[in-house]
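Raw contents of work.tsv, TSV, C-alpha atoms:
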chain	number	residue	atom	x	y	z
G	28	MET	CA	23.09	6.95	8.35
G	29	ASP	CA	21.83	7.45	11.87
G	30	THR	CA	22.18	4.85	14.59
G	31	ILE	CA	19.39	2.27	14.59
G	32	ASN	CA	17.87	1.47	17.96
G	33	ILE	CA	16.95	-2.14	18.42
G	34	LEU	CA	15.09	-3.85	21.22
G	35	LEU	CA	15.18	-7.60	21.79
G	36	ALA	CA	12.71	-9.43	24.03
G	37	ASP	CA	13.84	-12.99	24.61
G	38	ASP	CA	13.99	-15.12	27.76
G	39	ASP	CA	16.74	-17.42	26.48
G	40	GLU	CA	20.15	-16.17	27.58
G	41	ASP	CA	22.07	-17.99	24.84
G	42	ASP	CA	19.78	-16.60	22.16
G	43	ARG	CA	20.30	-13.09	23.50
G	44	LEU	CA	24.06	-13.55	23.48
G	45	LEU	CA	24.08	-14.82	19.89
G	46	PHE	CA	21.78	-12.02	18.81
G	47	GLU	CA	24.08	-9.39	20.31
G	48	GLU	CA	27.16	-10.93	18.68
G	49	ALA	CA	25.43	-11.10	15.32
G	50	LEU	CA	24.37	-7.45	15.61
G	51	GLN	CA	28.02	-6.45	15.96
G	52	LYS	CA	28.69	-7.93	12.54
G	53	VAL	CA	26.06	-6.04	10.57
G	54	ARG	CA	27.16	-3.02	8.54
G	55	HIS	CA	24.72	-0.64	10.18
G	56	SER	CA	25.45	1.38	13.25
G	57	VAL	CA	23.14	-0.11	15.89
G	58	LYS	CA	22.36	0.21	19.57
G	59	CYS	CA	20.65	-2.70	21.27
G	60	LYS	CA	18.63	-2.95	24.46
G	61	MET	CA	17.45	-6.29	25.83
G	62	VAL	CA	14.58	-7.37	28.04
G	63	HIS	CA	13.98	-10.88	29.38
G	64	ASN	CA	10.22	-11.37	29.33
G	65	GLY	CA	6.95	-9.92	28.11
G	66	GLY	CA	6.19	-8.12	31.36
G	67	GLN	CA	9.53	-6.33	31.31
G	68	LEU	CA	9.02	-5.49	27.65
G	69	MET	CA	5.68	-3.74	28.11
G	70	GLU	CA	6.92	-1.93	31.20
G	71	TYR	CA	9.95	-0.67	29.28
G	72	LEU	CA	7.94	0.41	26.22
G	73	GLN	CA	5.31	2.21	28.27
G	74	GLY	CA	8.02	4.05	30.20
G	75	LEU	CA	9.44	5.60	27.02
G	76	SER	CA	8.54	9.16	26.18
G	77	ASN	CA	7.44	10.20	22.71
G	78	GLY	CA	10.04	9.88	19.98
G	79	GLN	CA	12.11	7.40	21.98
G	80	LEU	CA	10.58	4.28	20.48
G	81	PRO	CA	13.11	1.81	19.13
G	82	HIS	CA	13.21	1.46	15.35
G	83	LEU	CA	12.75	-2.27	15.55
G	84	LEU	CA	11.53	-4.76	18.14
G	85	PHE	CA	12.60	-8.40	17.89
G	86	LEU	CA	10.05	-10.39	19.82
G	87	ASP	CA	10.30	-14.00	20.94
G	88	LEU	CA	6.91	-15.74	21.06
G	89	ASN	CA	7.44	-18.09	24.00
G	90	MET	CA	8.25	-15.94	27.00
G	91	PRO	CA	7.21	-16.15	30.66
G	92	ILE	CA	4.83	-13.66	32.36
G	93	LYS	CA	3.48	-12.35	29.06
G	94	SER	CA	3.78	-14.20	25.75
G	95	GLY	CA	5.01	-12.55	22.56
G	96	LEU	CA	1.53	-12.66	21.05
G	97	GLU	CA	-0.01	-10.93	24.07
G	98	CYS	CA	2.66	-8.23	23.82
G	99	LEU	CA	2.02	-7.85	20.08
G	100	ALA	CA	-1.71	-7.38	20.69
G	101	GLU	CA	-1.03	-4.75	23.37
G	102	ILE	CA	1.45	-2.92	21.15
G	103	ARG	CA	-0.97	-2.75	18.23
G	104	ALA	CA	-3.80	-1.57	20.48
G	105	ASP	CA	-1.72	1.26	22.00
G	106	PRO	CA	-1.72	4.48	19.93
G	107	CYS	CA	1.74	5.42	21.26
G	108	LEU	CA	3.29	2.09	20.31
G	109	ARG	CA	1.30	1.20	17.21
G	110	GLU	CA	3.94	2.46	14.76
G	111	LEU	CA	6.65	0.20	16.13
G	112	THR	CA	8.07	-2.32	13.66
G	113	VAL	CA	7.69	-5.76	15.20
G	114	ALA	CA	9.81	-8.67	14.05
G	115	ILE	CA	8.76	-12.00	15.52
G	116	TYR	CA	11.88	-13.95	16.34
G	117	SER	CA	10.97	-17.49	17.15
G	118	THR	CA	11.37	-21.18	16.57
G	119	SER	CA	9.62	-22.86	13.69
G	120	SER	CA	5.89	-22.57	13.19
G	121	SER	CA	3.46	-23.72	10.54
G	122	ALA	CA	2.58	-21.50	7.59
G	123	ALA	CA	-0.88	-20.96	9.13
G	124	ASP	CA	0.69	-19.81	12.43
G	125	ILE	CA	2.91	-17.37	10.57
G	126	GLU	CA	-0.03	-15.98	8.62
G	127	SER	CA	-2.03	-15.48	11.79
G	128	THR	CA	0.93	-13.65	13.41
G	129	PHE	CA	0.95	-11.25	10.47
G	130	ILE	CA	-2.78	-10.74	10.78
G	131	LYS	CA	-2.24	-9.85	14.43
G	132	GLY	CA	0.10	-7.10	13.28
G	133	ALA	CA	3.65	-8.48	13.03
G	134	ASN	CA	5.76	-6.96	10.25
G	135	VAL	CA	8.45	-9.61	10.08
G	136	TYR	CA	8.56	-13.28	10.95
G	137	ILE	CA	12.00	-14.80	11.49
G	138	ASN	CA	12.57	-18.44	12.09
G	139	LYS	CA	15.59	-18.49	14.42
G	140	PRO	CA	18.39	-19.88	12.26
G	141	ALA	CA	20.83	-22.50	13.51
G	142	ASP	CA	23.74	-20.93	11.66
G	143	PHE	CA	25.45	-17.80	13.01
G	144	ASN	CA	26.36	-16.31	9.63
G	145	GLN	CA	22.83	-16.76	8.50
G	146	LEU	CA	21.63	-14.87	11.58
G	147	VAL	CA	23.96	-11.98	10.68
G	148	LYS	CA	22.56	-11.90	7.15
G	149	ILE	CA	18.95	-12.03	8.35
G	150	LEU	CA	19.44	-9.23	10.88
G	151	SER	CA	21.22	-7.14	8.29
G	152	ASP	CA	18.43	-7.67	5.73
G	153	VAL	CA	15.68	-6.84	8.22
G	154	ILE	CA	17.45	-3.69	9.45
G	155	THR	CA	18.05	-2.53	5.88
G	156	LEU	CA	14.46	-3.14	4.84
G	157	ASN	CA	13.08	-1.40	7.92
G	158	TRP	CA	15.33	1.54	7.19
G	159	GLN	CA	13.88	1.73	3.67
G	160	TYR	CA	10.38	1.84	5.16
G	161	GLN	CA	11.42	4.57	7.59
G	162	ARG	CA	12.49	6.64	4.63
G	163	SER	CA	8.86	7.26	3.90
G	164	GLU	CA	8.15	6.42	0.28
G	165	LEU	CA	6.89	3.03	1.43
G	166	ASN	CA	3.61	2.29	3.13
G	167	LYS	CA	4.38	0.67	6.47
G	168	GLU	CA	1.00	-1.05	6.53
G	169	ASN	CA	2.28	-3.24	3.72
G	170	PHE	CA	5.49	-4.20	5.53
G	171	VAL	CA	5.26	-7.99	5.66
G	172	LEU	CA	8.33	-10.18	5.48
G	173	SER	CA	8.73	-13.83	6.33
G	174	ILE	CA	12.20	-15.39	6.64
G	175	GLU	CA	12.50	-19.13	7.10
B	25	MET	CA	-18.45	7.03	14.31
B	26	LYS	CA	-15.67	6.54	11.87
B	27	LEU	CA	-14.51	8.86	9.11
B	28	HIS	CA	-12.25	7.94	6.26
B	29	VAL	CA	-9.79	10.64	5.32
B	30	LYS	CA	-7.66	10.93	2.25
B	31	TYR	CA	-4.45	12.90	2.34
B	32	ASP	CA	-1.75	13.95	-0.03
B	33	THR	CA	1.74	13.75	1.49
B	34	LEU	CA	3.06	16.17	-1.13
B	35	VAL	CA	0.55	18.85	-0.09
B	36	LEU	CA	1.41	18.22	3.58
B	37	TYR	CA	5.11	18.43	2.80
B	38	ARG	CA	4.73	21.72	0.88
B	39	ALA	CA	2.57	23.28	3.59
B	40	VAL	CA	5.00	22.36	6.38
B	41	ILE	CA	8.06	23.55	4.44
B	42	LYS	CA	6.44	26.83	3.55
B	43	GLU	CA	5.12	27.55	7.02
B	44	LYS	CA	8.36	26.68	8.78
B	45	LEU	CA	10.89	28.20	6.39
B	46	ASP	CA	8.98	31.45	5.87
B	47	VAL	CA	9.42	32.06	9.59
B	48	LEU	CA	13.19	31.69	9.29
B	49	GLY	CA	13.19	34.19	6.45
B	50	PHE	CA	15.55	32.56	3.94
B	51	PRO	CA	14.09	33.08	0.45
B	52	PHE	CA	13.69	29.73	-1.27
B	53	SER	CA	11.73	27.82	-3.89
B	54	MET	CA	10.62	24.19	-4.08
B	55	GLU	CA	11.76	22.14	-7.00
B	56	GLY	CA	10.29	18.69	-7.41
B	57	GLN	CA	9.82	16.37	-4.49
B	58	GLY	CA	12.47	16.75	-1.82
B	59	GLN	CA	14.47	19.61	-3.37
B	60	LEU	CA	14.73	23.11	-1.96
B	61	HIS	CA	16.56	25.89	-3.76
B	62	PHE	CA	17.80	28.80	-1.68
B	63	ASN	CA	18.68	32.16	-3.15
B	64	GLN	CA	21.70	32.39	-0.92
B	65	TYR	CA	24.48	30.10	0.23
B	66	LEU	CA	23.54	28.76	3.63
B	67	SER	CA	26.05	28.50	6.44
B	68	ALA	CA	26.35	25.32	8.48
B	69	ALA	CA	24.62	27.08	11.37
B	70	GLN	CA	21.71	28.07	9.14
B	71	LEU	CA	21.47	24.53	7.81
B	72	LYS	CA	21.34	23.31	11.37
B	73	GLU	CA	18.57	25.77	12.14
B	74	ILE	CA	16.55	24.53	9.15
B	75	ASN	CA	17.14	20.96	10.17
B	76	GLU	CA	15.90	21.68	13.68
B	77	VAL	CA	12.61	23.27	12.63
B	78	LEU	CA	11.87	20.48	10.12
B	79	GLN	CA	12.94	17.48	12.17
B	80	PRO	CA	9.75	17.29	14.29
B	81	TYR	CA	7.88	16.68	11.01
B	82	GLY	CA	10.15	13.84	9.97
B	83	ILE	CA	11.86	16.00	7.35
B	84	GLN	CA	15.61	15.78	7.28
B	85	VAL	CA	18.08	17.95	5.39
B	86	LEU	CA	20.49	15.91	3.33
B	87	ASP	CA	23.70	17.84	2.94
B	88	ASP	CA	26.00	15.19	1.62
B	89	PRO	CA	26.30	15.32	-2.21
B	90	GLN	CA	26.39	11.52	-2.41
B	91	LEU	CA	23.26	11.34	-0.29
B	92	MET	CA	21.62	13.96	-2.46
B	93	PHE	CA	22.48	12.11	-5.62
B	94	SER	CA	21.22	8.85	-4.16
B	95	GLN	CA	18.01	10.59	-3.11
B	96	LYS	CA	17.50	11.73	-6.70
B	97	VAL	CA	18.04	8.17	-7.94
B	98	ARG	CA	15.54	6.83	-5.39
B	99	GLU	CA	12.89	9.34	-6.39
B	100	PHE	CA	13.37	8.68	-10.05
B	101	ILE	CA	13.06	4.91	-9.56
B	102	VAL	CA	9.85	5.38	-7.55
B	103	GLU	CA	8.48	7.57	-10.33
B	104	LEU	CA	9.36	4.98	-12.98
B	105	VAL	CA	7.76	2.18	-10.97
B	106	HIS	CA	4.56	4.22	-10.63
B	107	HIS	CA	4.59	5.23	-14.29
B	108	PRO	CA	6.08	2.32	-16.23
B	109	GLU	CA	5.02	3.98	-19.50
B	110	LEU	CA	7.86	6.51	-18.95
B	111	MET	CA	10.30	3.66	-19.55
B	112	GLU	CA	9.12	3.33	-23.15
B	113	ASN	CA	10.13	-0.35	-23.06
B	114	ASN	CA	13.73	0.47	-22.19
B	115	LYS	CA	15.72	-1.13	-19.40
B	116	PHE	CA	15.99	0.60	-16.01
B	117	SER	CA	19.74	0.91	-16.38
B	118	ASP	CA	19.44	2.78	-19.71
B	119	VAL	CA	16.67	5.09	-18.53
B	120	LEU	CA	18.50	5.96	-15.29
B	121	SER	CA	21.80	6.59	-16.96
B	122	ARG	CA	20.25	8.78	-19.68
B	123	LYS	CA	18.12	10.80	-17.27
B	124	LEU	CA	20.85	11.31	-14.65
B	125	ASN	CA	23.63	11.80	-17.14
B	126	HIS	CA	26.03	9.34	-15.54
B	127	SER	CA	27.14	5.84	-16.40
B	128	TYR	CA	25.04	3.11	-14.83
B	129	SER	CA	28.07	1.71	-13.01
B	130	TYR	CA	28.69	5.11	-11.38
B	131	ILE	CA	25.04	5.44	-10.36
B	132	SER	CA	24.84	1.95	-8.94
B	133	LYS	CA	28.11	2.32	-7.02
B	134	ILE	CA	27.00	5.51	-5.26
B	135	PHE	CA	23.57	4.08	-4.68
B	136	SER	CA	24.71	0.91	-2.95
B	137	ASP	CA	27.30	2.81	-0.86
B	138	VAL	CA	24.55	4.94	0.64
B	139	ASN	CA	21.59	2.55	0.76
B	140	PHE	CA	22.99	-0.76	2.00
B	141	MET	CA	21.34	-2.48	-0.95
B	142	SER	CA	22.01	-2.65	-4.65
B	143	ILE	CA	20.03	-0.56	-7.08
B	144	GLU	CA	18.55	-3.76	-8.56
B	145	GLN	CA	17.34	-4.87	-5.13
B	146	PHE	CA	15.84	-1.44	-4.59
B	147	ILE	CA	13.99	-1.55	-7.91
B	148	ILE	CA	12.56	-4.98	-7.10
B	149	LEU	CA	11.59	-3.77	-3.62
B	150	GLN	CA	9.78	-0.76	-5.07
B	151	LYS	CA	8.03	-2.86	-7.71
B	152	ILE	CA	6.86	-5.37	-5.11
B	153	GLU	CA	5.64	-2.49	-2.90
B	154	ARG	CA	3.65	-1.24	-5.87
B	155	VAL	CA	2.25	-4.73	-6.37
B	156	LYS	CA	1.25	-4.85	-2.68
B	157	HIS	CA	-0.45	-1.49	-2.99
B	158	LEU	CA	-2.43	-2.61	-6.04
B	159	LEU	CA	-3.25	-5.98	-4.45
B	160	SER	CA	-4.53	-4.35	-1.27
B	161	ASN	CA	-6.80	-2.09	-3.30
B	162	GLY	CA	-8.29	-5.23	-4.75
B	163	ALA	CA	-9.22	-3.52	-8.00
B	164	LEU	CA	-6.84	-5.47	-10.23
B	165	THR	CA	-6.09	-9.16	-10.58
B	166	LEU	CA	-2.53	-10.42	-10.25
B	167	THR	CA	-2.43	-11.00	-14.01
B	168	GLU	CA	-3.49	-7.42	-14.69
B	169	ILE	CA	-0.89	-6.14	-12.22
B	170	ALA	CA	1.84	-8.21	-13.88
B	171	TRP	CA	0.87	-6.76	-17.23
B	172	GLN	CA	0.74	-3.20	-15.92
B	173	LEU	CA	4.17	-3.41	-14.29
B	174	ASN	CA	5.84	-4.97	-17.34
B	175	TYR	CA	6.45	-8.42	-15.87
B	176	SER	CA	7.01	-11.05	-18.55
B	177	SER	CA	4.44	-13.33	-16.92
B	178	VAL	CA	2.27	-13.65	-13.85
B	179	GLN	CA	4.49	-16.56	-12.70
B	180	HIS	CA	7.52	-14.28	-12.80
B	181	LEU	CA	5.71	-11.70	-10.65
B	182	SER	CA	4.45	-14.35	-8.26
B	183	ASN	CA	7.96	-15.82	-7.85
B	184	GLN	CA	9.54	-12.42	-7.29
B	185	PHE	CA	6.86	-11.57	-4.74
B	186	ARG	CA	7.52	-14.79	-2.83
B	187	LYS	CA	11.27	-14.32	-2.97
B	188	THR	CA	11.07	-10.72	-1.75
B	189	THR	CA	8.46	-11.05	1.01
B	190	GLY	CA	8.60	-14.74	1.93
B	191	ILE	CA	4.84	-15.08	1.43
B	192	THR	CA	2.57	-15.61	-1.57
B	193	PRO	CA	0.50	-12.82	-3.12
B	194	SER	CA	-2.72	-14.55	-2.06
B	195	SER	CA	-1.51	-14.88	1.52
B	196	PHE	CA	-0.59	-11.19	1.49
B	197	GLN	CA	-4.06	-10.30	0.27
B	198	LYS	CA	-5.61	-12.37	3.02
B	199	ILE	CA	-3.43	-10.74	5.70
B	200	VAL	CA	-4.40	-7.24	4.56
B	201	LYS	CA	-8.07	-8.15	4.44
B	202	GLU	CA	-8.08	-9.74	7.91
B	203	ARG	CA	-6.12	-6.83	9.40
B	204	ARG	CA	-8.71	-4.39	8.06
B	205	LYS	CA	-11.54	-6.49	9.46
B	206	GLN	CA	-9.83	-6.37	12.88
B	207	VAL	CA	-9.39	-2.60	12.76
B	208	GLU	CA	-13.02	-2.20	11.78
B	209	SER	CA	-14.31	-4.42	14.57
B	210	GLU	CA	-12.16	-2.47	17.07
B	211	THR	CA	-13.46	0.91	16.00
B	212	ILE	CA	-17.18	0.03	15.94
Here is a file; write its structure as structure tokens.
Amino acid sequence: MDTINILLADDDEDDRLLFEEALQKVRHSVKCKMVHNGGQLMEYLQGLSNGQLPHLLFLDLNMPIKSGLECLAEIRADPCLRELTVAIYSTSSSAADIESTFIKGANVYINKPADFNQLVKILSDVITLNWQYQRSELNKENFVLSIE
Amino acid sequence: MKLHVKYDTLVLYRAVIKEKLDVLGFPFSMEGQGQLHFNQYLSAAQLKEINEVLQPYGIQVLDDPQLMFSQKVREFIVELVHHPELMENNKFSDVLSRKLNHSYSYISKIFSDVNFMSIEQFIILQKIERVKHLLSNGALTLTEIAWQLNYSSVQHLSNQFRKTTGITPSSFQKIVKERRKQVESETI
């Protein structure tokens, strides 16, 4: 299996550290790039040339400069970025909030877990599922997964 | 103005393969979905060449026998999920093992080694994807879908849907509907 390229946008340094450690424990071969806010995220994505898009973007909702939801809207409106799998990675929200995030185009909603092993399992599940979608028999438009 | 187009990935796949491989000049035939038979034994360099011309189209040559076997299992499961009548009321494990001529334990071992998930998880995933497809068409009710896909009850389907996706079938339907509305309002 090829290396999976992952991008994390999160302004919390501890969350980024935990995320990176958890990624090292998943069975897949992964490469991870991190950005610290929404502005940096959009700048980074728009600077990529075709075919360089990460396989998966983990997106925190509450970030300075540009919020996760603003970034999501921009990503879905941009023909070059539209295909990107977006996993919202955030603290708890109501069921209605989660539903509205999906309507705005998120593929995955992850409630940041308190437990490290659980984080490893969640990341591993999301990466595996995304990989299954990449392998083409599945319709990406129907990729909706909520993990609480 | 907006046009709706319908496309057949199989036709696309065949057209791309034919156009690209004819140029390379290795005689071949297509057998089923995702299988190419060459009249000669291909060297690693030739395989690489094939891989390079197909890669821009998202087509990848699988040269590992385990991968190839797992690909066959995947395709067969997808076919069974789309045509449950082929199961003739047998269990997945029996149908797979008979069709692929290997014990189910052998098949499931190779499958999970290559796919990072068990064959059972993959079957459920494919079934739920089929359910999503049928739900988003809106032509069938959940009860009708449950019946068509051989679920013992609509509750069983609903529970499996929730467990697999984290949301309810009705919420999924709403999400799809609202997303379409958004796309439509953007393109007007």
Practice task
Could you list the residues in chain G lying within 8 Å of chain B, using only C-alpha atoms, and format the result as JSON, numbers by chain?
Solution key: {"G": [126, 127, 129, 130, 131, 132, 155, 165, 166, 169, 171, 172, 173, 174, 175]}
Exercise for the section: Kindly give the distance, in Å, that separates CA of Arg109 in chain G and CA of Trp158 in chain G, rounded to a single decimal. Expected result: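 About the pair CA of Arg109 in chain G and CA of Trp158 in chain G: they are 17.2 Å apart.
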Practice task
Mind checking which residues fall within 12 Å of Ser136 in chain B, counting all atoms listed in the file, ignoring those fewer than 5 positions away in the same chain, and posting them as a list in words?
Solution key: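 That gives Thr155 of chain G; Gln90, Leu91, Phe93, Ser94, Gln95, Val97, Arg98, Ser129, Tyr130, Ile131, Met141, Ser142, Ile143, Glu144, Gln145 and Phe146 of chain B.
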Exercise for the section: Give me, please, the distance in Å between CA of Glu70 in chain G and CA of Lys52 in chain G, quoted to one decimal. Expected result: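 Result for CA of Glu70 in chain G versus CA of Lys52 in chain G: 29.3 Å, one decimal.
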Handout entry: G:Gln73, G:Ile31, G:Thr112, G:Asp38 ranked by distance to Lys58 in chain G, top pick (using only C-alpha atoms)
Key =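 Closest to Lys58 in chain G, using only C-alpha atoms: G:Ile31.
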Handout entry: Non-local contacts of Leu60 in chain B (12 Å; all atoms listed in the file; under 5 positions in same chain excluded) as a PyMOL selection string
Key = chain B and resi 37-38+41-42+45+50-55+66+71+74+84-87+92
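Going from CA of Leu84 in chain G to CA of Phe135 in chain B covers 27.3 Å.
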Problem - Close residues, Asp37 in chain G itself excluded, 8 Å, all atoms listed in the file, min 2 positions apart in chain, as an MDAnalysis selection string - result: chainID G and resid 35 39:40 42:43 61:64 86:87 90
Exercise for the section: For range 110-119 of chain B, please output as a PyMOL selection string all residues within 6 Å (counting only C-alpha atoms; exclusion window: fewer than 3 positions along the same chain). Expected result: chain B and resi 107+122+128
Exercise for the section: Using all atoms listed in the file, pick whichever of G:Ala133, G:Leu34, G:Leu83, G:Ala49 has the shortest atom-to-atom distance to Gln161 in chain G. Expected result: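 Closest candidate: G:Leu83.
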